[in-house]
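Student: Sharing start_22.cif below, mmCIF, C-alpha atoms and all ligand atoms:
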data_query
loop_
_atom_site.label_atom_id
_atom_site.label_comp_id
_atom_site.auth_asym_id
_atom_site.auth_seq_id
_atom_site.Cartn_x
_atom_site.Cartn_y
_atom_site.Cartn_z
CA MET A 1 126.45 98.35 83.61
CA SER A 2 123.90 99.84 81.20
CA SER A 3 121.83 102.66 82.68
CA ASP A 4 118.60 100.63 82.71
CA SER A 5 120.02 97.37 84.09
CA ILE A 6 118.51 98.02 87.52
CA GLN A 7 115.14 98.56 85.90
CA GLN A 8 115.59 95.26 84.05
CA ALA A 9 116.57 93.49 87.29
CA ILE A 10 113.28 94.68 88.84
CA ILE A 11 111.31 93.44 85.84
CA MET A 12 113.13 90.07 85.81
CA GLY A 13 113.04 89.78 89.61
CA ASN A 14 116.80 89.31 89.68
CA VAL A 15 117.72 89.73 93.34
CA ALA A 16 121.41 88.84 92.93
CA SER A 17 122.17 91.29 90.14
CA ILE A 18 120.17 94.12 91.68
CA SER A 19 122.27 94.05 94.87
CA THR A 20 125.48 94.28 92.84
CA ASP A 21 124.16 97.00 90.56
CA VAL A 22 122.69 99.21 93.29
CA ASN A 23 125.86 98.94 95.40
CA GLN A 24 127.96 99.76 92.34
CA LEU A 25 125.94 102.92 91.59
CA LEU A 26 126.17 104.03 95.22
CA ASN A 27 129.94 103.47 95.14
CA GLU A 28 130.11 105.61 92.00
CA GLY A 29 128.40 108.39 93.95
CA VAL A 30 124.99 108.23 92.28
CA ASN A 31 122.32 109.79 94.49
CA SER A 32 120.08 107.25 96.25
CA GLN A 33 116.93 109.25 95.46
CA ASN A 34 117.81 109.20 91.75
CA ILE A 35 118.28 105.42 91.81
CA LEU A 36 114.84 105.12 93.36
CA ASP A 37 113.07 107.62 91.10
CA GLU A 38 114.75 106.83 87.79
CA GLN A 39 115.30 103.06 88.02
CA LEU A 40 113.32 101.28 90.72
CA LEU A 41 109.96 103.05 90.52
CA PRO A 42 109.77 103.02 86.69
CA GLY A 43 110.73 99.31 86.77
CA MET A 44 107.92 98.54 89.19
CA ALA A 45 105.49 100.60 87.07
CA ILE A 46 106.33 98.38 84.07
CA VAL A 47 105.75 95.28 86.23
CA GLY A 48 102.34 96.68 87.21
CA ASP A 49 101.39 97.31 83.57
CA ARG A 50 102.45 93.82 82.47
CA PHE A 51 100.61 92.23 85.39
CA LYS A 52 97.48 94.13 84.40
CA ARG A 53 97.77 92.96 80.77
CA ASN A 54 98.36 89.33 81.91
CA GLU A 55 101.88 89.40 80.49
CA MET A 56 103.28 88.70 83.96
CA PHE A 57 101.83 86.47 86.68
CA LEU A 58 101.86 86.48 90.47
CA PRO A 59 105.04 84.40 91.07
CA GLN A 60 106.97 86.72 88.74
CA VAL A 61 105.50 89.83 90.36
CA LEU A 62 106.54 88.42 93.73
CA MET A 63 110.11 88.03 92.45
CA SER A 64 110.02 91.63 91.20
CA ALA A 65 108.73 92.74 94.59
CA GLN A 66 111.59 90.88 96.30
CA ALA A 67 114.11 92.55 94.01
CA MET A 68 112.50 95.93 94.76
CA GLN A 69 112.63 95.29 98.50
CA THR A 70 116.29 94.17 98.28
CA ALA A 71 117.19 97.41 96.48
CA ILE A 72 115.21 99.53 98.95
CA ASP A 73 116.97 97.83 101.88
CA ILE A 74 120.35 98.73 100.37
CA LEU A 75 119.24 102.33 99.72
CA LYS A 76 117.57 102.71 103.13
CA PRO A 77 120.47 104.21 105.14
CA HIS A 78 121.21 106.61 102.27
CA LEU A 79 117.59 107.71 101.81
CA ALA A 80 117.12 108.10 105.55
CA GLY A 81 120.32 110.15 105.83
CA ASN A 82 119.14 112.80 103.37
CA SER A 83 117.52 115.13 105.89
CA GLU A 84 118.92 117.52 108.43
CA ALA A 85 115.59 117.81 110.19
CA ARG A 86 115.34 116.44 113.71
CA GLN A 87 111.67 116.48 114.72
CA ARG A 88 110.85 113.53 116.94
CA GLN A 89 107.09 113.39 116.56
CA THR A 90 105.70 109.88 116.23
CA VAL A 91 103.93 108.57 113.15
CA ILE A 92 102.05 105.27 113.00
CA ILE A 93 102.02 103.56 109.61
CA GLY A 94 100.42 100.37 108.30
CA THR A 95 98.66 98.69 105.40
CA VAL A 96 94.97 98.24 106.16
CA LYS A 97 93.22 94.95 106.86
CA GLY A 98 93.03 92.47 103.98
CA ASP A 99 95.93 94.05 102.09
CA MET A 100 99.42 92.54 101.93
CA HIS A 101 101.12 95.17 99.74
CA ASP A 102 103.92 96.92 101.59
CA ILE A 103 106.56 98.20 99.19
CA GLY A 104 105.09 101.71 98.91
CA LYS A 105 104.30 101.82 102.62
CA ASN A 106 107.91 100.88 103.38
CA LEU A 107 109.15 103.70 101.17
CA VAL A 108 106.95 106.19 102.99
CA ARG A 109 108.28 104.85 106.31
CA ILE A 110 111.92 105.18 105.22
CA MET A 111 111.43 108.74 104.02
CA LEU A 112 109.59 109.77 107.19
CA ILE A 113 112.50 108.38 109.22
CA GLY A 114 114.82 110.35 106.95
CA ALA A 115 112.84 113.49 107.75
CA GLY A 116 113.41 112.87 111.46
CA PHE A 117 110.12 111.30 112.53
CA GLU A 118 109.85 108.40 114.94
CA VAL A 119 107.94 105.80 112.90
CA ILE A 120 106.04 102.83 114.31
CA ASP A 121 105.36 100.38 111.47
CA LEU A 122 102.45 98.04 112.16
CA GLY A 123 103.10 96.04 108.98
CA VAL A 124 100.43 94.69 106.63
CA ASN A 125 96.86 93.42 107.10
CA VAL A 126 96.44 95.67 110.14
CA PRO A 127 93.02 95.56 111.87
CA THR A 128 91.40 98.90 112.72
CA GLN A 129 91.72 98.39 116.46
CA ARG A 130 95.49 97.96 116.19
CA PHE A 131 95.83 101.50 114.73
CA LEU A 132 93.93 102.91 117.71
CA GLU A 133 95.93 100.96 120.31
CA ALA A 134 99.25 101.99 118.76
CA THR A 135 98.19 105.65 118.54
CA THR A 136 97.33 105.69 122.24
CA GLN A 137 100.40 103.70 123.25
CA HIS A 138 102.86 105.89 121.33
CA GLN A 139 100.96 109.19 121.57
CA ALA A 140 101.27 109.49 117.82
CA ALA A 141 100.76 112.79 116.01
CA VAL A 142 99.80 111.26 112.66
CA VAL A 143 98.47 107.90 111.43
CA CYS A 144 99.37 106.86 107.86
CA LEU A 145 97.21 104.27 106.10
CA SER A 146 98.23 102.44 102.93
CA ALA A 147 96.01 100.40 100.57
CA LEU A 148 96.74 99.02 97.09
CA LEU A 149 93.50 97.17 96.42
CA SER A 150 90.23 98.86 95.54
CA SER A 151 88.54 96.34 97.84
CA THR A 152 90.70 97.21 100.87
CA MET A 153 90.66 100.98 100.40
CA ASN A 154 87.19 100.79 101.92
CA ASN A 155 88.77 99.53 105.14
CA MET A 156 90.40 102.96 105.41
CA LYS A 157 86.91 104.37 105.79
CA ASP A 158 86.36 102.08 108.78
CA VAL A 159 89.64 103.15 110.40
CA VAL A 160 88.86 106.86 109.97
CA ALA A 161 85.28 106.46 111.26
CA THR A 162 86.48 104.53 114.32
CA PHE A 163 89.01 107.25 115.18
CA ARG A 164 86.39 110.00 114.68
CA ASN A 165 83.97 108.20 117.03
CA HIS A 166 86.60 107.75 119.76
CA SER A 167 86.44 110.31 122.54
CA ASP A 168 90.23 110.70 122.97
CA LEU A 169 91.43 110.01 119.44
CA LYS A 170 88.86 111.84 117.31
CA ASP A 171 91.26 114.66 116.39
CA THR A 172 94.12 112.36 115.34
CA LYS A 173 95.50 113.40 111.95
CA ILE A 174 95.08 110.65 109.37
CA LEU A 175 96.92 110.59 106.04
CA ILE A 176 96.10 108.02 103.37
CA GLY A 177 97.89 106.76 100.26
CA GLY A 178 98.33 103.93 97.78
CA ALA A 179 97.65 103.56 94.05
CA PRO A 180 93.81 103.40 94.08
CA VAL A 181 93.41 106.21 96.62
CA SER A 182 92.84 109.87 95.73
CA HIS A 183 92.44 113.29 97.29
CA GLU A 184 88.71 113.09 96.66
CA PHE A 185 88.47 109.70 98.41
CA SER A 186 90.36 111.08 101.42
CA GLN A 187 87.83 113.90 101.67
CA ASN A 188 84.90 111.53 101.28
CA ILE A 189 86.00 109.34 104.18
CA GLY A 190 86.96 112.25 106.44
CA ALA A 191 90.74 111.71 106.43
CA ASP A 192 93.05 114.71 106.85
CA GLY A 193 94.90 114.24 103.60
CA TYR A 194 96.26 112.17 100.75
CA ALA A 195 99.66 112.06 99.10
CA PRO A 196 100.56 110.33 95.84
CA THR A 197 104.24 109.59 96.56
CA ALA A 198 106.57 109.04 99.50
CA PRO A 199 108.24 112.49 99.30
CA ALA A 200 104.78 114.12 99.09
CA ALA A 201 103.74 112.04 102.12
CA VAL A 202 106.61 113.54 104.13
CA GLU A 203 105.50 117.06 103.16
CA ARG A 204 101.91 116.35 104.16
CA VAL A 205 102.94 114.80 107.49
CA GLN A 206 105.09 117.86 108.21
CA GLN A 207 102.12 120.12 107.41
CA LEU A 208 99.81 118.05 109.61
CA CYS A 209 102.35 118.40 112.44
CA GLY A 210 102.40 122.16 111.90
CA GLN A 211 106.00 122.19 110.62
C1 LIG A 301 104.02 94.07 93.79
C2 LIG A 301 102.54 93.79 93.70
C3 LIG A 301 102.04 92.68 94.41
C4 LIG A 301 102.92 91.84 95.35
C5 LIG A 301 103.04 92.61 96.70
C6 LIG A 301 104.38 92.40 97.37
C7 LIG A 301 104.59 93.38 98.50
N1 LIG A 301 105.42 92.96 99.44
O1 LIG A 301 104.06 94.49 98.55
C8 LIG A 301 102.07 90.54 95.47
C9 LIG A 301 102.53 89.58 94.38
C10 LIG A 301 102.12 89.84 96.82
C11 LIG A 301 100.67 91.05 95.10
C12 LIG A 301 99.50 90.39 95.44
C13 LIG A 301 98.25 90.77 94.99
N2 LIG A 301 97.96 91.79 94.15
CO1 LIG A 301 99.25 93.16 93.66
N3 LIG A 301 100.37 94.37 92.80
C14 LIG A 301 101.67 94.60 92.89
C15 LIG A 301 102.05 95.73 91.91
C16 LIG A 301 102.60 95.08 90.64
C17 LIG A 301 103.06 96.75 92.38
C18 LIG A 301 102.73 97.45 93.72
C19 LIG A 301 103.95 98.19 94.18
O2 LIG A 301 104.68 97.71 95.06
N4 LIG A 301 104.24 99.36 93.55
C20 LIG A 301 105.44 100.14 93.85
C21 LIG A 301 105.19 101.04 95.04
C22 LIG A 301 106.46 101.88 95.31
O3 LIG A 301 104.13 101.92 94.70
P1 LIG A 301 102.84 102.12 95.63
O4 LIG A 301 102.59 100.91 96.42
O5 LIG A 301 101.76 102.68 94.79
O6 LIG A 301 103.32 103.22 96.67
C23 LIG A 301 103.58 104.57 96.34
C24 LIG A 301 102.33 105.48 96.47
O7 LIG A 301 101.12 104.80 96.22
C25 LIG A 301 102.46 106.06 97.83
N5 LIG A 301 101.91 105.36 99.00
C26 LIG A 301 101.79 104.04 99.26
N6 LIG A 301 101.30 103.83 100.48
C27 LIG A 301 101.10 105.04 101.04
C28 LIG A 301 100.60 105.41 102.29
C29 LIG A 301 100.49 106.76 102.61
C30 LIG A 301 99.96 107.17 103.94
C31 LIG A 301 100.85 107.75 101.65
C32 LIG A 301 100.65 109.17 101.97
C33 LIG A 301 101.35 107.38 100.40
C34 LIG A 301 101.48 106.03 100.11
O8 LIG A 301 103.84 106.19 98.02
C35 LIG A 301 104.51 105.08 97.42
C36 LIG A 301 105.88 105.48 96.97
O9 LIG A 301 105.87 106.61 96.12
C37 LIG A 301 100.66 96.42 91.70
C38 LIG A 301 100.50 97.20 90.38
C39 LIG A 301 100.54 98.69 90.58
N7 LIG A 301 100.71 99.36 89.48
O10 LIG A 301 100.40 99.23 91.65
C40 LIG A 301 99.71 95.22 91.83
C41 LIG A 301 98.26 95.45 92.24
C42 LIG A 301 98.16 96.48 93.34
N8 LIG A 301 97.88 94.13 92.76
C43 LIG A 301 96.67 93.78 92.42
C44 LIG A 301 96.05 92.55 92.78
C45 LIG A 301 94.69 92.28 92.16
C46 LIG A 301 96.68 91.64 93.67
C47 LIG A 301 96.10 90.32 94.16
C48 LIG A 301 94.61 90.35 94.56
C49 LIG A 301 96.36 89.27 93.08
C50 LIG A 301 95.78 87.90 93.31
N9 LIG A 301 95.00 87.50 92.33
O11 LIG A 301 96.01 87.25 94.31
C51 LIG A 301 97.01 90.02 95.38
C52 LIG A 301 96.41 90.62 96.70
C53 LIG A 301 97.13 90.21 97.94
C54 LIG A 301 96.60 91.03 99.12
N10 LIG A 301 95.65 90.50 99.86
O12 LIG A 301 97.04 92.13 99.33
C55 LIG A 301 95.97 94.86 91.58
C56 LIG A 301 94.95 95.64 92.39
C57 LIG A 301 93.72 95.99 91.55
C58 LIG A 301 92.76 96.82 92.35
N11 LIG A 301 92.61 98.05 91.92
O13 LIG A 301 92.22 96.39 93.31
C59 LIG A 301 97.21 95.70 91.07
C60 LIG A 301 96.90 97.18 90.81
C61 LIG A 301 97.68 95.01 89.75
C62 LIG A 301 96.69 95.13 88.62
N12 LIG A 301 96.84 96.10 87.76
O14 LIG A 301 95.78 94.35 88.51
N13 LIG A 301 100.75 92.22 94.40
#
Mind converting the file's structure to structure tokens?
Ligand code: B12
Tutor:
Amino acid sequence: MSSDSIQQAIIMGNVASISTDVNQLLNEGVNSQNILDEQLLPGMAIVGDRFKRNEMFLPQVLMSAQAMQTAIDILKPHLAGNSEARQRQTVIIGTVKGDMHDIGKNLVRIMLIGAGFEVIDLGVNVPTQRFLEATTQHQAAVVCLSALLSSTMNNMKDVVATFRNHSDLKDTKILIGGAPVSHEFSQNIGADGYAPTAPAAVERVQQLCGQ
């Protein structure tokens, strides 16, 4: 297998070959984090660039996303097993209303589980009220919001404002992320932080939990 064949499988949306290749690398002892960082994420970045330049279209991007998700599912137990930490604080995570992107959110979830957190994943297209209900129900320490569209990142503002206006939940720590989001945006909407990647998200959640 050539070193970039996994990257190619992401770009081509080749679900069958990506399963074989990822399993083969794991069997050879290649670190799961390296497979993610050096093959999967760069592959998806190329897909994003080609989509932007109209060199790839939605059905192809969907195939790439399926290949990415297949690879992540295979890596999941290995990524989650990387940490010795055993905190059991609860984190709520979801993609905000109107937004169906979940690959990055799923990576953040997997890495939080790996760091020992109890993670409640509300999925995609999550209405504001659902974040509040889940936070109360699970007595969550941190709420993580994901958005990939510049139109839906504004729904994060609504979620944060609704928490801040709630008598019991106003101090809930809220972390935001996703490609269009920034540190500045998190400050503007009154969130407690932003992280650009899944490993950085784990660090920020640990900080917000006082660890
Ligand atoms: C795959 C993809 C899709 C797939 C999604 C499949 C899925 N299950 O997620 C499909 C084909 C369904 C799709 C649909 C659409 N998409 Co799309 N999509 C992408 C693409 C190519 C890759 C996104 C991705 O998965 N990246 C890989 C992951 C690992 O990265 P990530 O999501 O950024 O996550 C990382 C960080 O951001 C961070 N992170 C993520 N979430 C969180 C949360 C927290 C709390 C923290 C701390 C960190 C964090 O950690 C992650 C890991 O390191 C991007 C291009 C891009 N460059 O982002 C376009 C992109 C996001 N899509 C775009 C568009 C326009 C659409 C559509 C509107 C297209 C259409 N015409 O219908 C629809 C919208 C559907 C909807 N309502 O949501 C635009 C958005 C433009 C904008 N700025 O608004 C982009 C940027 C493409 C482009 N350049 O034009 N898309």
Student: Give me, please, the distance in Å between CA of Leu36 (chain A) and CA of Ile110 (chain A), quoted to one decimal.
Tutor: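 We find that CA of Leu36 (chain A) and CA of Ile110 (chain A) lie 12.2 Å from each other.
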Student: What residues of the protein or nucleic acid chains come within 6 Å of ligand LIG 301 (chain A) when you use all atoms listed in the file? Reply as JSON, numbers by chain.
Tutor: {"A": [44, 45, 47, 48, 51, 52, 58, 61, 62, 65, 98, 99, 100, 101, 102, 103, 104, 105, 107, 108, 144, 145, 146, 148, 149, 150, 151, 175, 176, 177, 178, 179, 180, 194, 195, 196, 197, 198, 201]}
Student: In the coordinate frame of the file, compute which residues have an atom within 12 Å of (122.6, 105.2, 95.4) when using only C-alpha atoms, and state them as a PyMOL selection string.
Tutor: chain A and resi 6+18-40+71-82
Student: For region 44-126 of chain A versus region 135-140 of chain A, which residues have an atom no more than 10 Å away, and what is each residue's nearest atom pair and distance in Å rounded to one decimal, using all atoms listed in the file, chain-then-number order, as a tab-separated table?
Tutor:
residue	atom	partner	partner_atom	distance
A:Gln89	CA	A:Ala140	CA	7.1
A:Thr90	CA	A:Ala140	CA	4.7
A:Val91	CA	A:Ala140	CA	5.5
A:Ile92	CA	A:Ala140	CA	6.5
A:Ile93	CA	A:Thr135	CA	9.9
A:Glu118	CA	A:Ala140	CA	9.1
A:Val119	CA	A:Ala140	CA	9.1
A:Ile120	CA	A:His138	CA	8.3
Student: Quick one, how far is CA of Ser17 (chain A) from CA of Gly43 (chain A)?
Tutor: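 Computed distance, CA of Ser17 (chain A) to CA of Gly43 (chain A), equals 14.4 Å.
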Student: CA of Ser64 (chain A) to CA of Ile11 (chain A): how many Å, to one decimal?
Tutor: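 Rounded to one decimal, the two atoms are 5.8 Å apart.
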Student: Go through A:Ala115, A:Phe185, A:Leu132, A:Gln60 one by one, measure the shortest atom-to-atom distance of each to Asn165 (chain A) using only C-alpha atoms, and give the residue with the smallest value.
Tutor: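 Selected residue with least distance to Asn165 (chain A): A:Leu132.
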Student: Restricting the calculation to only C-alpha atoms, which member of A:Asp192, A:Glu184, A:Asp158, A:Asp4 is positioned closest to Val143 (chain A)?
Tutor: A:Asp192
Student: At a cut-off of 6 Å, using all atoms listed in the file, what residues contact region 67-70 of chain A? Leave out same-chain residues fewer than 5 positions from it and give the result as a ChimeraX atom specification.
Tutor: /A:10,13,15
Student: From (90.1, 103.7, 111.8), in the file's coordinates, out to 8 Å: which residues are reached, counting only C-alpha atoms? Answer as a list in words.
Tutor: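 So the residues meeting the distance criterion are Thr128, Gln129, Phe131, Leu132, Asn155, Met156, Lys157, Asp158, Val159, Val160, Ala161, Thr162, Phe163 and Arg164 of chain A.
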Student: Measuring between only C-alpha atoms, which one of A:Leu41, A:Leu122, A:Ile189, A:Leu112 shows the shortest distance to Val205 (chain A)?
Tutor: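 Under the stated criterion, the closest residue is A:Leu112.
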Student: Measuring between all atoms listed in the file, which one of A:Arg109, A:Gly210, A:Ala141, A:Val126 shows the shortest distance to Leu169 (chain A)?
Tutor: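 Looking only at the distances to Leu169 (chain A), the closest residue turns out to be A:Ala141.
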Student: Considering only C-alpha atoms, can you say which of A:Ile113, A:Val181, A:Val142, A:Met12 comes closest to Pro199 (chain A)?
Tutor: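 For Pro199 (chain A), the nearest of the given residues is A:Ile113.
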Student: Keeping N, CA and C atoms (and nothing else), can you write region 108-138 of chain A of this structure as a PDB file, in the first residue's frame?
Tutor:
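To be explicit, this is the file written out as selection.pdb:
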ATOM      1  N   VAL A 108     -14.454  15.074  17.793  1.00  0.00           N
ATOM      2  CA  VAL A 108     -14.344  15.701  19.116  1.00  0.00           C
ATOM      3  C   VAL A 108     -14.943  14.750  20.167  1.00  0.00           C
ATOM      4  N   ARG A 109     -16.102  14.164  19.841  1.00  0.00           N
ATOM      5  CA  ARG A 109     -16.758  13.244  20.778  1.00  0.00           C
ATOM      6  C   ARG A 109     -15.837  12.062  21.121  1.00  0.00           C
ATOM      7  N   ILE A 110     -15.253  11.465  20.075  1.00  0.00           N
ATOM      8  CA  ILE A 110     -14.406  10.288  20.293  1.00  0.00           C
ATOM      9  C   ILE A 110     -13.217  10.639  21.191  1.00  0.00           C
ATOM     10  N   MET A 111     -12.621  11.817  20.927  1.00  0.00           N
ATOM     11  CA  MET A 111     -11.433  12.179  21.711  1.00  0.00           C
ATOM     12  C   MET A 111     -11.789  12.559  23.145  1.00  0.00           C
ATOM     13  N   LEU A 112     -12.976  13.125  23.335  1.00  0.00           N
ATOM     14  CA  LEU A 112     -13.412  13.421  24.711  1.00  0.00           C
ATOM     15  C   LEU A 112     -13.636  12.103  25.469  1.00  0.00           C
ATOM     16  N   ILE A 113     -14.229  11.126  24.789  1.00  0.00           N
ATOM     17  CA  ILE A 113     -14.433   9.818  25.428  1.00  0.00           C
ATOM     18  C   ILE A 113     -13.070   9.221  25.783  1.00  0.00           C
ATOM     19  N   GLY A 114     -12.128   9.387  24.842  1.00  0.00           N
ATOM     20  CA  GLY A 114     -10.767   8.883  25.084  1.00  0.00           C
ATOM     21  C   GLY A 114     -10.116   9.537  26.288  1.00  0.00           C
ATOM     22  N   ALA A 115     -10.490  10.795  26.543  1.00  0.00           N
ATOM     23  CA  ALA A 115      -9.914  11.511  27.687  1.00  0.00           C
ATOM     24  C   ALA A 115     -10.682  11.212  28.969  1.00  0.00           C
ATOM     25  N   GLY A 116     -11.695  10.356  28.888  1.00  0.00           N
ATOM     26  CA  GLY A 116     -12.377   9.896  30.097  1.00  0.00           C
ATOM     27  C   GLY A 116     -13.698  10.579  30.395  1.00  0.00           C
ATOM     28  N   PHE A 117     -14.149  11.456  29.501  1.00  0.00           N
ATOM     29  CA  PHE A 117     -15.425  12.139  29.760  1.00  0.00           C
ATOM     30  C   PHE A 117     -16.604  11.258  29.359  1.00  0.00           C
ATOM     31  N   GLU A 118     -17.714  11.473  30.053  1.00  0.00           N
ATOM     32  CA  GLU A 118     -18.982  10.873  29.662  1.00  0.00           C
ATOM     33  C   GLU A 118     -19.557  11.828  28.611  1.00  0.00           C
ATOM     34  N   VAL A 119     -19.818  11.358  27.408  1.00  0.00           N
ATOM     35  CA  VAL A 119     -20.272  12.274  26.359  1.00  0.00           C
ATOM     36  C   VAL A 119     -21.676  11.908  25.887  1.00  0.00           C
ATOM     37  N   ILE A 120     -22.567  12.893  25.925  1.00  0.00           N
ATOM     38  CA  ILE A 120     -23.923  12.710  25.408  1.00  0.00           C
ATOM     39  C   ILE A 120     -23.977  13.428  24.058  1.00  0.00           C
ATOM     40  N   ASP A 121     -24.125  12.652  22.979  1.00  0.00           N
ATOM     41  CA  ASP A 121     -24.125  13.233  21.633  1.00  0.00           C
ATOM     42  C   ASP A 121     -25.564  13.426  21.158  1.00  0.00           C
ATOM     43  N   LEU A 122     -25.941  14.674  20.948  1.00  0.00           N
ATOM     44  CA  LEU A 122     -27.319  14.976  20.525  1.00  0.00           C
ATOM     45  C   LEU A 122     -27.481  14.915  19.011  1.00  0.00           C
ATOM     46  N   GLY A 123     -26.388  14.660  18.285  1.00  0.00           N
ATOM     47  CA  GLY A 123     -26.474  14.502  16.832  1.00  0.00           C
ATOM     48  C   GLY A 123     -26.387  15.822  16.086  1.00  0.00           C
ATOM     49  N   VAL A 124     -27.086  15.886  14.945  1.00  0.00           N
ATOM     50  CA  VAL A 124     -27.025  17.080  14.091  1.00  0.00           C
ATOM     51  C   VAL A 124     -28.366  17.808  14.128  1.00  0.00           C
ATOM     52  N   ASN A 125     -28.363  19.057  13.622  1.00  0.00           N
ATOM     53  CA  ASN A 125     -29.614  19.821  13.498  1.00  0.00           C
ATOM     54  C   ASN A 125     -30.336  19.899  14.850  1.00  0.00           C
ATOM     55  N   VAL A 126     -29.569  20.233  15.882  1.00  0.00           N
ATOM     56  CA  VAL A 126     -30.108  20.202  17.246  1.00  0.00           C
ATOM     57  C   VAL A 126     -30.717  21.560  17.621  1.00  0.00           C
ATOM     58  N   PRO A 127     -32.011  21.603  17.963  1.00  0.00           N
ATOM     59  CA  PRO A 127     -32.619  22.875  18.369  1.00  0.00           C
ATOM     60  C   PRO A 127     -32.067  23.340  19.720  1.00  0.00           C
ATOM     61  N   THR A 128     -32.058  24.640  19.920  1.00  0.00           N
ATOM     62  CA  THR A 128     -31.513  25.233  21.145  1.00  0.00           C
ATOM     63  C   THR A 128     -32.053  24.563  22.403  1.00  0.00           C
ATOM     64  N   GLN A 129     -33.372  24.383  22.443  1.00  0.00           N
ATOM     65  CA  GLN A 129     -34.016  23.869  23.642  1.00  0.00           C
ATOM     66  C   GLN A 129     -33.492  22.491  24.045  1.00  0.00           C
ATOM     67  N   ARG A 130     -33.125  21.713  23.035  1.00  0.00           N
ATOM     68  CA  ARG A 130     -32.630  20.349  23.282  1.00  0.00           C
ATOM     69  C   ARG A 130     -31.304  20.391  24.073  1.00  0.00           C
ATOM     70  N   PHE A 131     -30.447  21.402  23.775  1.00  0.00           N
ATOM     71  CA  PHE A 131     -29.187  21.527  24.511  1.00  0.00           C
ATOM     72  C   PHE A 131     -29.475  21.819  25.982  1.00  0.00           C
ATOM     73  N   LEU A 132     -30.480  22.650  26.242  1.00  0.00           N
ATOM     74  CA  LEU A 132     -30.808  23.002  27.620  1.00  0.00           C
ATOM     75  C   LEU A 132     -31.374  21.792  28.363  1.00  0.00           C
ATOM     76  N   GLU A 133     -32.315  21.098  27.719  1.00  0.00           N
ATOM     77  CA  GLU A 133     -32.924  19.920  28.367  1.00  0.00           C
ATOM     78  C   GLU A 133     -31.865  18.884  28.719  1.00  0.00           C
ATOM     79  N   ALA A 134     -30.962  18.619  27.751  1.00  0.00           N
ATOM     80  CA  ALA A 134     -29.945  17.583  27.981  1.00  0.00           C
ATOM     81  C   ALA A 134     -28.983  18.001  29.089  1.00  0.00           C
ATOM     82  N   THR A 135     -28.666  19.309  29.151  1.00  0.00           N
ATOM     83  CA  THR A 135     -27.742  19.793  30.186  1.00  0.00           C
ATOM     84  C   THR A 135     -28.356  19.588  31.569  1.00  0.00           C
ATOM     85  N   THR A 136     -29.640  19.894  31.701  1.00  0.00           N
ATOM     86  CA  THR A 136     -30.323  19.693  32.976  1.00  0.00           C
ATOM     87  C   THR A 136     -30.410  18.200  33.293  1.00  0.00           C
ATOM     88  N   GLN A 137     -30.857  17.431  32.318  1.00  0.00           N
ATOM     89  CA  GLN A 137     -31.064  15.998  32.532  1.00  0.00           C
ATOM     90  C   GLN A 137     -29.778  15.288  32.967  1.00  0.00           C
ATOM     91  N   HIS A 138     -28.651  15.647  32.339  1.00  0.00           N
ATOM     92  CA  HIS A 138     -27.403  14.915  32.603  1.00  0.00           C
ATOM     93  C   HIS A 138     -26.455  15.673  33.527  1.00  0.00           C
TER      94      HIS A 138
END
